[in-house]
file protein_28.cif (mmCIF, C-alpha atoms)
data_coords
#
loop_
_atom_site.label_atom_id
_atom_site.label_comp_id
_atom_site.auth_asym_id
_atom_site.auth_seq_id
_atom_site.Cartn_x
_atom_site.Cartn_y
_atom_site.Cartn_z
CA MET A 1 64.87 -2.60 -76.49
CA THR A 2 68.30 -4.12 -76.00
CA ALA A 3 70.70 -3.15 -73.28
CA GLU A 4 73.51 -0.72 -73.88
CA PRO A 5 76.52 -2.43 -75.48
CA HIS A 6 78.68 -1.82 -72.41
CA ALA A 7 76.31 -3.65 -70.04
CA GLN A 8 74.68 -7.02 -69.72
CA ALA A 9 70.92 -7.22 -69.21
CA SER A 10 70.00 -8.18 -65.69
CA PRO A 11 68.34 -11.61 -65.50
CA SER A 12 66.48 -10.56 -62.34
CA TYR A 13 65.22 -7.17 -63.49
CA THR A 14 61.86 -7.74 -61.76
CA LYS A 15 63.52 -7.97 -58.34
CA THR A 16 65.73 -5.01 -59.18
CA ILE A 17 62.71 -2.89 -60.13
CA LEU A 18 61.02 -3.93 -56.86
CA PHE A 19 63.96 -2.77 -54.72
CA LEU A 20 64.40 0.39 -56.77
CA SER A 21 60.68 1.07 -56.23
CA LEU A 22 61.09 0.68 -52.45
CA THR A 23 63.92 3.20 -52.54
CA VAL A 24 61.84 5.61 -54.63
CA TRP A 25 59.00 5.21 -52.10
CA LEU A 26 61.24 6.31 -49.20
CA VAL A 27 62.61 9.28 -51.14
CA VAL A 28 59.20 10.54 -52.33
CA MET A 29 57.75 10.09 -48.84
CA ASN A 30 60.49 12.43 -47.66
CA THR A 31 59.11 15.13 -49.98
CA THR A 32 55.48 14.97 -48.88
CA MET A 33 56.22 14.58 -45.17
CA PHE A 34 57.49 18.16 -45.20
CA ASN A 35 54.46 19.45 -47.13
CA VAL A 36 52.26 18.61 -44.14
CA ALA A 37 54.82 20.00 -41.67
CA LEU A 38 55.10 23.25 -43.65
CA PRO A 39 52.50 25.23 -41.59
CA ASN A 40 54.43 24.32 -38.41
CA VAL A 41 57.76 25.30 -40.00
CA LEU A 42 56.23 28.65 -41.08
CA LYS A 43 55.06 29.26 -37.53
CA ASP A 44 58.37 28.22 -35.88
CA PHE A 45 60.45 30.52 -38.08
CA SER A 46 57.81 33.29 -38.63
CA LEU A 47 57.79 32.87 -42.41
CA ALA A 48 55.26 33.78 -45.12
CA PRO A 49 53.94 30.88 -47.25
CA SER A 50 55.96 32.01 -50.31
CA GLU A 51 59.15 31.98 -48.20
CA GLY A 52 58.41 28.62 -46.62
CA ALA A 53 57.57 27.19 -50.04
CA TRP A 54 61.30 27.36 -50.78
CA ILE A 55 61.72 24.31 -48.53
CA VAL A 56 59.71 22.49 -51.21
CA SER A 57 60.73 24.45 -54.32
CA GLY A 58 64.43 24.69 -53.34
CA TYR A 59 64.40 20.92 -52.87
CA SER A 60 62.84 20.61 -56.34
CA ILE A 61 65.44 22.91 -57.96
CA VAL A 62 68.35 20.81 -56.69
CA LEU A 63 66.47 17.63 -57.61
CA ALA A 64 66.02 19.01 -61.13
CA ILE A 65 69.68 19.86 -61.72
CA CYS A 66 71.12 16.78 -60.02
CA THR A 67 68.66 14.38 -61.67
CA ILE A 68 69.74 15.30 -65.18
CA THR A 69 73.36 15.28 -63.97
CA TYR A 70 73.07 11.71 -62.69
CA THR A 71 71.25 10.51 -65.81
CA ARG A 72 73.89 12.13 -68.07
CA LEU A 73 76.66 10.53 -65.99
CA ALA A 74 74.87 7.16 -66.40
CA ASP A 75 76.09 7.15 -70.01
CA TYR A 76 79.63 6.69 -68.66
CA ILE A 77 79.45 5.57 -65.01
CA PRO A 78 77.61 2.41 -63.79
CA ILE A 79 74.09 3.03 -62.48
CA ARG A 80 74.94 1.03 -59.36
CA ARG A 81 77.80 3.33 -58.41
CA LEU A 82 75.76 6.49 -58.96
CA LEU A 83 72.80 5.18 -56.95
CA ILE A 84 74.94 4.21 -53.97
CA LEU A 85 76.61 7.64 -54.04
CA GLY A 86 73.19 9.36 -54.12
CA ILE A 87 71.77 7.27 -51.27
CA SER A 88 74.88 7.98 -49.14
CA ILE A 89 74.55 11.76 -49.64
CA PHE A 90 70.83 11.55 -48.89
CA GLY A 91 71.46 9.63 -45.63
CA LEU A 92 74.16 12.04 -44.46
CA ALA A 93 71.91 15.05 -45.14
CA SER A 94 69.07 13.39 -43.21
CA PHE A 95 71.34 13.01 -40.18
CA MET A 96 72.34 16.68 -40.54
CA GLY A 97 68.70 17.81 -40.78
CA PHE A 98 67.74 16.16 -37.50
CA PHE A 99 69.82 18.83 -35.69
CA ALA A 100 68.46 21.79 -37.72
CA HIS A 101 67.30 24.61 -35.42
CA THR A 102 67.41 27.55 -37.84
CA PHE A 103 65.64 28.00 -41.18
CA THR A 104 69.00 28.27 -43.00
CA TRP A 105 70.21 24.97 -41.53
CA LEU A 106 66.89 23.31 -42.34
CA LEU A 107 67.00 24.61 -45.93
CA LEU A 108 70.62 23.46 -46.41
CA SER A 109 69.76 20.00 -45.06
CA ARG A 110 66.85 19.75 -47.51
CA LEU A 111 69.05 20.89 -50.42
CA PHE A 112 71.71 18.28 -49.60
CA GLN A 113 68.97 15.67 -49.27
CA ALA A 114 67.80 16.63 -52.75
CA ALA A 115 71.34 16.31 -54.15
CA GLY A 116 71.35 12.68 -53.03
CA ALA A 117 67.69 11.88 -53.66
CA ALA A 118 68.00 13.03 -57.29
CA ALA A 119 69.90 9.85 -58.17
CA ILE A 120 67.02 7.55 -57.29
CA PRO A 121 63.89 8.27 -59.41
CA GLY A 122 65.79 9.26 -62.56
CA LEU A 123 68.25 6.35 -62.54
CA SER A 124 65.45 3.90 -61.69
CA MET A 125 63.67 4.97 -64.88
CA VAL A 126 66.91 4.84 -66.87
CA PHE A 127 67.41 1.27 -65.61
CA ALA A 128 63.90 0.35 -66.77
CA GLY A 129 64.44 2.03 -70.14
CA ARG A 130 67.80 0.33 -70.64
CA PHE A 131 67.31 -3.18 -69.25
CA VAL A 132 63.58 -4.04 -69.21
CA PRO A 133 62.14 -5.37 -72.51
CA MET A 134 59.65 -3.03 -74.22
CA ALA A 135 56.79 -5.56 -73.78
CA ARG A 136 57.19 -5.32 -69.97
CA ARG A 137 58.52 -1.80 -69.62
CA GLY A 138 55.11 -0.21 -69.06
CA ARG A 139 54.55 -2.37 -65.98
CA ALA A 140 58.07 -1.68 -64.68
CA LEU A 141 57.64 2.09 -65.02
CA ALA A 142 54.16 1.83 -63.49
CA MET A 143 55.63 -0.02 -60.48
CA ILE A 144 58.06 2.86 -59.97
CA ALA A 145 55.17 5.33 -60.35
CA SER A 146 53.13 3.24 -57.90
CA ALA A 147 55.92 3.43 -55.33
CA SER A 148 56.06 7.18 -55.89
CA SER A 149 52.29 7.43 -55.31
CA LEU A 150 52.57 5.32 -52.16
CA GLY A 151 55.25 7.72 -50.93
CA PHE A 152 52.97 10.66 -51.68
CA GLY A 153 50.22 8.89 -49.71
CA LEU A 154 52.14 7.75 -46.65
CA GLY A 155 54.27 10.90 -46.44
CA PRO A 156 51.46 13.17 -45.20
CA VAL A 157 50.26 10.56 -42.67
CA VAL A 158 53.73 9.85 -41.26
CA GLY A 159 54.66 13.54 -41.43
CA GLY A 160 51.46 14.63 -39.71
CA VAL A 161 51.73 12.16 -36.82
CA ILE A 162 55.44 12.87 -36.21
CA THR A 163 54.95 16.66 -36.44
CA ASP A 164 52.03 16.56 -33.99
CA TYR A 165 53.54 14.24 -31.40
CA LEU A 166 57.29 14.89 -31.71
CA SER A 167 58.68 17.62 -33.97
CA TRP A 168 59.37 18.10 -37.67
CA ASN A 169 63.08 17.45 -36.91
CA TYR A 170 62.23 13.78 -36.36
CA LEU A 171 61.07 13.51 -39.99
CA PHE A 172 64.75 13.35 -40.92
CA LEU A 173 65.22 10.15 -38.87
CA ILE A 174 62.62 8.31 -40.98
CA THR A 175 64.57 8.98 -44.16
CA LEU A 176 67.75 7.47 -42.68
CA CYS A 177 66.14 4.06 -43.39
CA VAL A 178 67.08 4.43 -47.05
CA LEU A 179 70.70 3.60 -46.13
CA GLY A 180 69.56 0.00 -45.65
CA MET A 181 68.96 -0.27 -49.42
CA ILE A 182 72.66 0.14 -50.27
CA PRO A 183 73.73 -3.54 -49.83
CA VAL A 184 70.56 -4.80 -51.54
CA LEU A 185 70.96 -2.60 -54.62
CA TYR A 186 74.68 -3.38 -54.77
CA ARG A 187 73.76 -7.04 -55.11
CA PHE A 188 70.94 -6.75 -57.65
CA LEU A 189 72.02 -3.93 -59.97
CA PRO A 190 74.05 -5.05 -63.01
CA ASP A 191 77.82 -4.68 -62.97
CA GLU A 192 78.33 -2.29 -65.88
CA THR A 193 81.72 -1.12 -67.10
CA THR A 194 82.89 2.47 -66.82
CA ARG A 195 83.33 4.24 -70.16
CA LYS A 196 85.42 7.26 -70.97
CA GLY A 197 83.36 10.31 -71.73
CA TYR A 198 83.05 14.05 -71.41
CA PHE A 199 80.74 15.75 -68.92
CA ASP A 200 79.77 19.36 -69.59
CA VAL A 201 80.21 20.95 -66.14
CA TRP A 202 79.78 24.52 -67.42
CA GLY A 203 76.57 23.56 -69.20
CA GLY A 204 75.26 22.06 -65.96
CA LEU A 205 76.10 25.24 -64.01
CA LEU A 206 74.44 27.47 -66.63
CA THR A 207 71.32 25.27 -66.48
CA GLY A 208 71.19 25.29 -62.68
CA VAL A 209 71.72 29.02 -62.22
CA GLY A 210 69.27 29.83 -65.04
CA ILE A 211 66.54 27.70 -63.47
CA THR A 212 67.19 29.24 -60.03
CA PHE A 213 66.85 32.77 -61.43
CA PHE A 214 63.65 31.75 -63.24
CA LEU A 215 62.08 30.42 -60.04
CA LEU A 216 63.23 33.47 -58.07
CA PHE A 217 61.49 35.60 -60.71
CA ILE A 218 58.16 33.78 -60.49
CA SER A 219 58.24 33.97 -56.68
CA THR A 220 59.15 37.70 -56.48
CA PHE A 221 58.41 39.16 -59.96
CA HIS A 222 61.62 41.23 -59.72
CA TRP A 223 62.78 42.04 -63.25
CA TYR A 224 66.49 41.51 -62.47
CA TYR A 225 65.87 37.81 -61.72
CA PHE A 226 64.17 37.49 -65.10
CA ALA A 227 67.13 39.25 -66.73
CA GLY A 228 69.49 36.83 -64.98
CA ALA A 229 67.49 33.85 -66.26
CA VAL A 230 67.61 35.22 -69.83
CA VAL A 231 71.39 35.77 -69.62
CA PHE A 232 72.18 32.29 -68.29
CA PHE A 233 69.76 30.47 -70.59
CA GLY A 234 71.23 32.49 -73.48
CA GLY A 235 74.69 31.32 -72.44
CA LEU A 236 73.41 27.75 -72.25
CA TRP A 237 71.90 28.03 -75.75
CA ILE A 238 75.24 29.24 -77.16
CA ARG A 239 77.14 26.46 -75.39
CA ILE A 240 74.73 23.77 -76.58
CA HIS A 241 75.58 24.68 -80.18
CA LYS A 242 79.28 25.22 -79.54
CA ILE A 243 80.56 21.96 -78.02
CA GLU A 244 80.27 18.37 -79.19
CA LEU A 245 78.73 16.80 -76.07
CA PRO A 246 76.72 19.50 -74.24
CA PHE A 247 74.90 19.06 -70.93
CA ILE A 248 71.56 19.22 -72.78
CA GLN A 249 71.49 17.41 -76.12
CA PRO A 250 70.44 19.73 -78.99
CA SER A 251 68.78 16.80 -80.82
CA LEU A 252 66.30 16.55 -77.92
CA ILE A 253 65.42 20.24 -78.05
CA ARG A 254 64.92 20.11 -81.83
CA ASP A 255 62.41 17.24 -81.56
CA LYS A 256 59.02 19.00 -81.52
CA GLY A 257 57.09 15.94 -80.33
CA TYR A 258 59.51 15.44 -77.43
CA ARG A 259 59.18 19.13 -76.50
CA GLN A 260 55.39 18.74 -76.38
CA ILE A 261 55.80 15.82 -73.93
CA LEU A 262 58.03 18.07 -71.78
CA TYR A 263 55.44 20.87 -71.79
CA MET A 264 52.72 18.43 -70.68
CA SER A 265 54.98 17.04 -67.95
CA PHE A 266 55.77 20.55 -66.70
CA LEU A 267 52.07 21.50 -66.51
CA GLY A 268 51.09 18.20 -64.84
CA PHE A 269 53.78 18.47 -62.15
CA ALA A 270 53.10 22.18 -61.57
CA THR A 271 49.42 21.37 -61.03
CA HIS A 272 50.09 18.48 -58.65
CA PHE A 273 52.60 20.35 -56.50
CA ALA A 274 50.49 23.50 -56.34
CA ILE A 275 47.72 21.29 -54.96
CA LEU A 276 50.14 19.66 -52.48
CA ILE A 277 51.10 23.10 -51.15
CA VAL A 278 47.58 24.57 -51.09
CA MET A 279 45.74 21.54 -49.62
CA PRO A 280 47.41 21.54 -46.16
CA LEU A 281 47.03 25.32 -45.90
CA MET A 282 43.33 25.15 -46.84
CA LEU A 283 42.64 22.28 -44.45
CA GLN A 284 44.35 24.15 -41.62
CA HIS A 285 43.01 27.67 -42.19
CA VAL A 286 39.52 26.94 -43.56
CA PHE A 287 38.67 23.71 -41.72
CA GLY A 288 40.96 23.99 -38.67
CA LYS A 289 42.65 20.59 -39.18
CA ASN A 290 45.90 19.63 -37.45
CA PRO A 291 48.80 17.96 -39.37
CA THR A 292 47.67 14.42 -38.46
CA ALA A 293 44.16 15.04 -39.79
CA VAL A 294 45.61 16.63 -42.93
CA GLY A 295 47.71 13.52 -43.51
CA PHE A 296 44.73 11.18 -43.21
CA ILE A 297 42.65 13.32 -45.59
CA ILE A 298 45.39 13.18 -48.26
CA PHE A 299 46.16 9.48 -47.65
CA PRO A 300 43.22 7.74 -49.44
CA GLY A 301 43.87 9.47 -52.75
CA ALA A 302 47.51 8.57 -52.85
CA MET A 303 46.81 4.97 -51.76
CA LEU A 304 44.24 4.62 -54.54
CA SER A 305 46.86 5.84 -56.98
CA ALA A 306 49.47 3.41 -55.66
CA VAL A 307 47.15 0.44 -56.13
CA ALA A 308 45.78 1.68 -59.47
CA ALA A 309 49.31 2.27 -60.85
CA ILE A 310 49.69 -1.50 -61.19
CA TYR A 311 46.69 -1.55 -63.52
CA VAL A 312 47.91 1.59 -65.29
CA GLY A 313 51.01 -0.38 -66.30
CA ARG A 314 48.84 -3.08 -67.80
CA LEU A 315 46.72 -0.47 -69.59
CA ILE A 316 49.88 1.08 -71.06
CA ASP A 317 51.17 -2.29 -72.29
CA ARG A 318 47.76 -3.23 -73.71
CA TYR A 319 46.29 0.03 -75.09
CA GLY A 320 49.37 2.22 -75.53
CA ASN A 321 50.63 5.43 -73.98
CA MET A 322 48.34 7.81 -75.86
CA ARG A 323 45.05 6.55 -74.42
CA VAL A 324 46.44 6.50 -70.89
CA MET A 325 47.77 10.04 -71.29
CA PHE A 326 44.29 11.21 -72.36
CA LEU A 327 42.75 9.38 -69.38
CA ALA A 328 45.26 11.08 -67.06
CA HIS A 329 44.37 14.54 -68.37
CA ILE A 330 40.64 13.95 -67.94
CA LEU A 331 41.19 12.80 -64.34
CA LEU A 332 43.32 15.84 -63.52
CA ILE A 333 40.81 18.27 -65.04
CA ILE A 334 37.98 16.61 -63.05
CA SER A 335 40.07 16.95 -59.88
CA THR A 336 40.73 20.68 -60.36
CA VAL A 337 37.05 21.31 -61.12
CA ILE A 338 36.01 19.48 -57.90
CA PHE A 339 38.59 21.49 -55.94
CA TYR A 340 37.27 24.76 -57.38
CA PHE A 341 33.54 24.17 -56.91
CA LEU A 342 33.24 21.78 -53.96
CA SER A 343 36.35 22.04 -51.72
CA PRO A 344 35.01 25.09 -49.78
CA HIS A 345 31.99 23.07 -48.63
CA SER A 346 33.64 20.05 -47.01
CA GLU A 347 37.02 18.53 -46.27
CA TYR A 348 35.66 15.29 -47.75
CA MET A 349 35.38 17.03 -51.12
CA ILE A 350 39.11 17.79 -50.81
CA MET A 351 39.69 14.10 -50.11
CA LEU A 352 37.63 13.12 -53.17
CA ALA A 353 39.31 15.67 -55.43
CA TYR A 354 42.78 14.51 -54.43
CA MET A 355 41.85 10.92 -55.31
CA PHE A 356 41.37 12.09 -58.91
CA THR A 357 44.54 14.23 -58.72
CA SER A 358 46.79 11.47 -57.47
CA PHE A 359 45.49 8.79 -59.86
CA GLY A 360 45.68 11.17 -62.84
CA PHE A 361 49.16 12.37 -61.91
CA SER A 362 50.72 8.89 -61.60
CA SER A 363 49.03 7.84 -64.88
CA LEU A 364 50.45 10.88 -66.67
CA SER A 365 53.92 10.39 -65.17
CA SER A 366 54.29 6.70 -66.13
CA SER A 367 52.65 6.91 -69.58
CA SER A 368 54.59 10.00 -70.67
CA THR A 369 57.91 8.52 -69.49
CA ASN A 370 57.14 5.29 -71.33
CA GLU A 371 56.32 7.36 -74.43
CA VAL A 372 59.76 8.99 -74.22
CA SER A 373 61.45 5.58 -73.99
CA ARG A 374 59.41 4.48 -77.03
CA VAL A 375 60.20 7.41 -79.32
CA MET A 376 63.85 7.95 -78.31
CA SER A 377 66.74 5.99 -79.82
CA LYS A 378 68.58 3.84 -77.27
CA GLU A 379 71.53 6.27 -77.32
CA LEU A 380 69.23 9.10 -76.18
CA ILE A 381 67.04 7.25 -73.63
CA ALA A 382 69.13 8.31 -70.60
CA SER A 383 69.39 11.92 -71.80
CA GLY A 384 65.71 12.03 -72.79
CA ILE A 385 64.48 10.68 -69.45
CA GLY A 386 66.95 12.92 -67.60
CA MET A 387 65.67 16.02 -69.40
CA LYS A 388 62.10 14.94 -68.64
CA GLN A 389 62.97 14.51 -64.96
CA LEU A 390 64.51 17.99 -65.02
CA THR A 391 61.20 19.30 -66.38
CA HIS A 392 59.30 17.39 -63.64
CA PHE A 393 61.18 19.09 -60.86
CA VAL A 394 61.14 22.55 -62.42
CA GLY A 395 57.37 22.06 -62.74
CA SER A 396 57.20 20.93 -59.11
CA ALA A 397 59.09 23.98 -57.89
CA SER A 398 57.09 26.34 -60.12
CA GLY A 399 53.79 24.87 -58.92
CA SER A 400 54.82 25.13 -55.26
CA VAL A 401 55.78 28.80 -55.59
CA LEU A 402 52.75 29.61 -57.79
CA GLY A 403 50.34 28.04 -55.28
CA GLY A 404 51.90 29.94 -52.37
CA ILE A 405 51.81 33.27 -54.21
CA ILE A 406 48.16 33.02 -55.33
CA VAL A 407 47.00 32.07 -51.82
CA GLU A 408 49.01 34.96 -50.32
CA MET A 409 47.37 37.43 -52.71
CA GLY A 410 44.09 36.84 -50.84
CA GLY A 411 45.54 38.33 -47.64
CA VAL A 412 46.92 37.07 -44.33
CA GLU A 413 43.56 35.66 -43.24
CA PHE A 414 43.64 33.11 -46.10
CA PRO A 415 40.00 33.51 -47.24
CA VAL A 416 38.30 30.71 -49.18
CA ASN A 417 38.38 32.62 -52.46
CA SER A 418 42.20 32.78 -52.37
CA PHE A 419 42.27 28.97 -52.55
CA GLN A 420 39.60 28.92 -55.25
CA ASN A 421 41.63 31.34 -57.35
CA THR A 422 44.52 28.87 -57.24
CA PHE A 423 42.30 26.00 -58.40
CA LEU A 424 40.88 28.15 -61.22
CA VAL A 425 44.42 28.77 -62.52
CA LEU A 426 45.11 25.02 -62.32
CA ILE A 427 41.99 24.25 -64.40
CA GLY A 428 43.48 26.53 -67.06
CA LEU A 429 46.89 24.81 -66.88
CA MET A 430 45.43 21.32 -67.36
CA THR A 431 43.17 22.49 -70.20
CA LEU A 432 46.28 23.86 -71.93
CA SER A 433 48.07 20.55 -71.35
CA LEU A 434 45.15 18.62 -72.88
CA SER A 435 45.37 20.85 -75.96
CA LEU A 436 49.09 20.05 -76.25
CA LEU A 437 48.31 16.32 -76.02
CA TYR A 438 45.80 16.68 -78.87
CA LEU A 439 48.46 18.41 -81.01
CA TYR A 440 50.98 15.70 -80.10
CA ARG A 441 48.55 12.97 -81.19
CA GLN A 442 47.95 14.78 -84.49
CA ARG A 443 51.70 14.92 -85.04
CA ILE A 444 52.18 11.22 -84.28
CA ASN A 445 49.29 10.25 -86.59
CA HIS A 446 50.81 12.22 -89.46
CA HIS A 447 54.09 10.41 -89.00
#
call {"tool": "encode", "arguments": {"input": "protein_28.cif", "output": "structure tokens"}}
result
Amino acid sequence: MTAEPHAQASPSYTKTILFLSLTVWLVVMNTTMFNVALPNVLKDFSLAPSEGAWIVSGYSIVLAICTITYTRLADYIPIRRLLILGISIFGLASFMGFFAHTFTWLLLSRLFQAAGAAAIPGLSMVFAGRFVPMARRGRALAMIASASSLGFGLGPVVGGVITDYLSWNYLFLITLCVLGMIPVLYRFLPDETTRKGYFDVWGGLLTGVGITFFLLFISTFHWYYFAGAVVFFGGLWIRIHKIELPFIQPSLIRDKGYRQILYMSFLGFATHFAILIVMPLMLQHVFGKNPTAVGFIIFPGAMLSAVAAIYVGRLIDRYGNMRVMFLAHILLIISTVIFYFLSPHSEYMIMLAYMFTSFGFSSLSSSSTNEVSRVMSKELIASGIGMKQLTHFVGSASGSVLGGIIVEMGGVEFPVNSFQNTFLVLIGLMTLSLSLLYLYRQRINHH
């Protein structure tokens, strides 16, 4: 894959990918630190799990909208400029969050963090898709996925220790470290030229409001939220076919194979984030673990994934995306089955199950993103990856809310069967995703 005509390929893309991966690590760690602190936040503000889940799902909504916004803007504005803007917003919101003493202030701080953080994972993948040769792209994307897994692993440990010994407010100070990446990335990212272009602001607003209404519907089941989602998505559909350069490219939506990849990504992220919400609650209410212990139970799985992601990249480059995507699905199904049958018996079964979850999730994320960069034309890589990132975060938010709702349905005492019901639903989601992968493979083979 050659670079875009308005940019020169970076001769030191390996170093650039390394520093981008470090930045991704800090941003993802910010997400999972708060998952472990969630029970404490619920207690401090007297919230139900489905209400508190909005700290996670609200973060994911803003990530979703802003990620596709940044990746669409990357067609016209240099990646370097967009990344530095995102990191600056993220750092400012982290400073603001340190002084949060009400739930509203905390939620706003998290939403502003998300607005900045959205630039980092999506644009890192766009950089890899645009500047890294196809023969090495699998390893580059796997390094980014590995950094993400490391963030998922260290986040609960760091979050648990800080929440136990200081307060969840201090979690915001950790994320201020990302500001130190600005001068490094300014040096290593290529100096692209700005191009004139049109950005569909109204399309972005219709997308954002539609997704928000959809997530409000699945968290409350109030029909008027569903009606709102239908109205705004209907408006978006009309706009997509009315203007020349819409926020969401119609050629992407018409591509059936690409849509199948999006469905699989949605189901994979929903499963992972439902588990990330349910695990700390189960460890606290069933096994009586404090946040530090929860962090150390989650840590081995994510660390295994971080190390294994390096080898996943090599597997992708050697055997192709399809085999790795099948491997990822098998791992995720095994993990949900272990959670369902064995997690009530021991916290070590939860640790074991999450090792399969984390490894399978990072494998699915990197292989499916690489598949998008393989099947998309170079003009659509940024839009295709941006739309996929949008799907990731909508899946994350949906999974967070879904997990909270199913657990709540069991009652305020959080009985074991309420957690098992969640895992049973997740087994169904991953089985559906595996079926979609089979259909996708059939489609590719016929072409």
call {"tool": "resolve_selection", "arguments": {"input": "protein_28.cif", "expression": "the PyMOL selection byres ((chain A and resi 87) around 7)", "output": "list of chain:residue names"}}
result
A:Leu83, A:Ile84, A:Leu85, A:Gly86, A:Ser88, A:Ile89, A:Phe90, A:Gly91, A:Gly116, A:Ala117, A:Val178, A:Leu179
call {"tool": "resolve_selection", "arguments": {"input": "protein_28.cif", "expression": "the PyMOL selection byres ((chain A and resi 417) around 12)", "output": "compact mmCIF listing (two decimals) with C-alpha atoms, in the frame of the given file"}}
result
# COMPACT_ATOMS: atom_id res chain seq x y z
CA MET A 282 43.33 25.15 -46.84
CA VAL A 286 39.52 26.94 -43.56
CA PHE A 339 38.59 21.49 -55.94
CA TYR A 340 37.27 24.76 -57.38
CA PHE A 341 33.54 24.17 -56.91
CA SER A 343 36.35 22.04 -51.72
CA PRO A 344 35.01 25.09 -49.78
CA ILE A 406 48.16 33.02 -55.33
CA VAL A 407 47.00 32.07 -51.82
CA GLU A 408 49.01 34.96 -50.32
CA MET A 409 47.37 37.43 -52.71
CA GLY A 410 44.09 36.84 -50.84
CA GLY A 411 45.54 38.33 -47.64
CA GLU A 413 43.56 35.66 -43.24
CA PHE A 414 43.64 33.11 -46.10
CA PRO A 415 40.00 33.51 -47.24
CA VAL A 416 38.30 30.71 -49.18
CA SER A 418 42.20 32.78 -52.37
CA PHE A 419 42.27 28.97 -52.55
CA GLN A 420 39.60 28.92 -55.25
CA ASN A 421 41.63 31.34 -57.35
CA THR A 422 44.52 28.87 -57.24
CA PHE A 423 42.30 26.00 -58.40
CA LEU A 424 40.88 28.15 -61.22
call {"tool": "resolve_selection", "arguments": {"input": "protein_28.cif", "expression": "the PyMOL selection byres ((chain A and resi 243-251) around 12)", "output": "MDAnalysis selection string"}}
result
chainID A and resid 65:66 68:73 75 197:208 233 236:242 252:259 376:377 379:388 390
call {"tool": "residues_around", "arguments": {"input": "protein_28.cif", "residues": "Leu22 (chain A)", "least_positions_apart": "6", "cutoff": "9 Å", "atoms": "only C-alpha atoms", "output": "JSON, numbers by chain"}}
result
{"A": [144, 147, 148, 178, 181]}
call {"tool": "closest_residue", "arguments": {"input": "protein_28.cif", "among": "A:Pro291, A:Gly268, A:Gly313, A:Gly404", "to": "Leu436 (chain A)", "atoms": "all atoms listed in the file"}}
result
A:Gly268
call {"tool": "decode", "arguments": {"input": "protein_28.cif", "residues": "region 158-169 of chain A", "atoms": "N, CA and C atoms", "output": "compact mmCIF listing (two decimals), in the first residue's frame"}}
result
# COMPACT_ATOMS: atom_id res chain seq x y z
N VAL A 158 -3.57 -0.48 38.43
CA VAL A 158 -3.29 0.91 38.85
C VAL A 158 -4.55 1.53 39.45
N GLY A 159 -5.70 1.31 38.78
CA GLY A 159 -6.95 1.87 39.27
C GLY A 159 -7.33 1.33 40.64
N GLY A 160 -7.12 0.02 40.84
CA GLY A 160 -7.46 -0.60 42.11
C GLY A 160 -6.62 -0.07 43.25
N VAL A 161 -5.31 0.01 43.05
CA VAL A 161 -4.40 0.49 44.10
C VAL A 161 -4.71 1.94 44.46
N ILE A 162 -4.85 2.79 43.42
CA ILE A 162 -5.10 4.22 43.67
C ILE A 162 -6.46 4.43 44.35
N THR A 163 -7.48 3.68 43.91
CA THR A 163 -8.81 3.82 44.51
C THR A 163 -8.81 3.38 45.97
N ASP A 164 -8.06 2.31 46.28
CA ASP A 164 -8.01 1.81 47.65
C ASP A 164 -7.25 2.73 48.59
N TYR A 165 -6.10 3.25 48.11
CA TYR A 165 -5.21 3.98 49.02
C TYR A 165 -5.33 5.50 48.92
N LEU A 166 -5.89 6.01 47.83
CA LEU A 166 -6.08 7.46 47.71
C LEU A 166 -7.57 7.72 47.47
N SER A 167 -7.93 7.94 46.22
CA SER A 167 -9.33 8.16 45.84
C SER A 167 -9.40 8.06 44.33
N TRP A 168 -10.59 7.78 43.80
CA TRP A 168 -10.70 7.67 42.34
C TRP A 168 -10.36 8.99 41.64
N ASN A 169 -10.43 10.13 42.35
CA ASN A 169 -10.05 11.40 41.72
C ASN A 169 -8.60 11.39 41.24
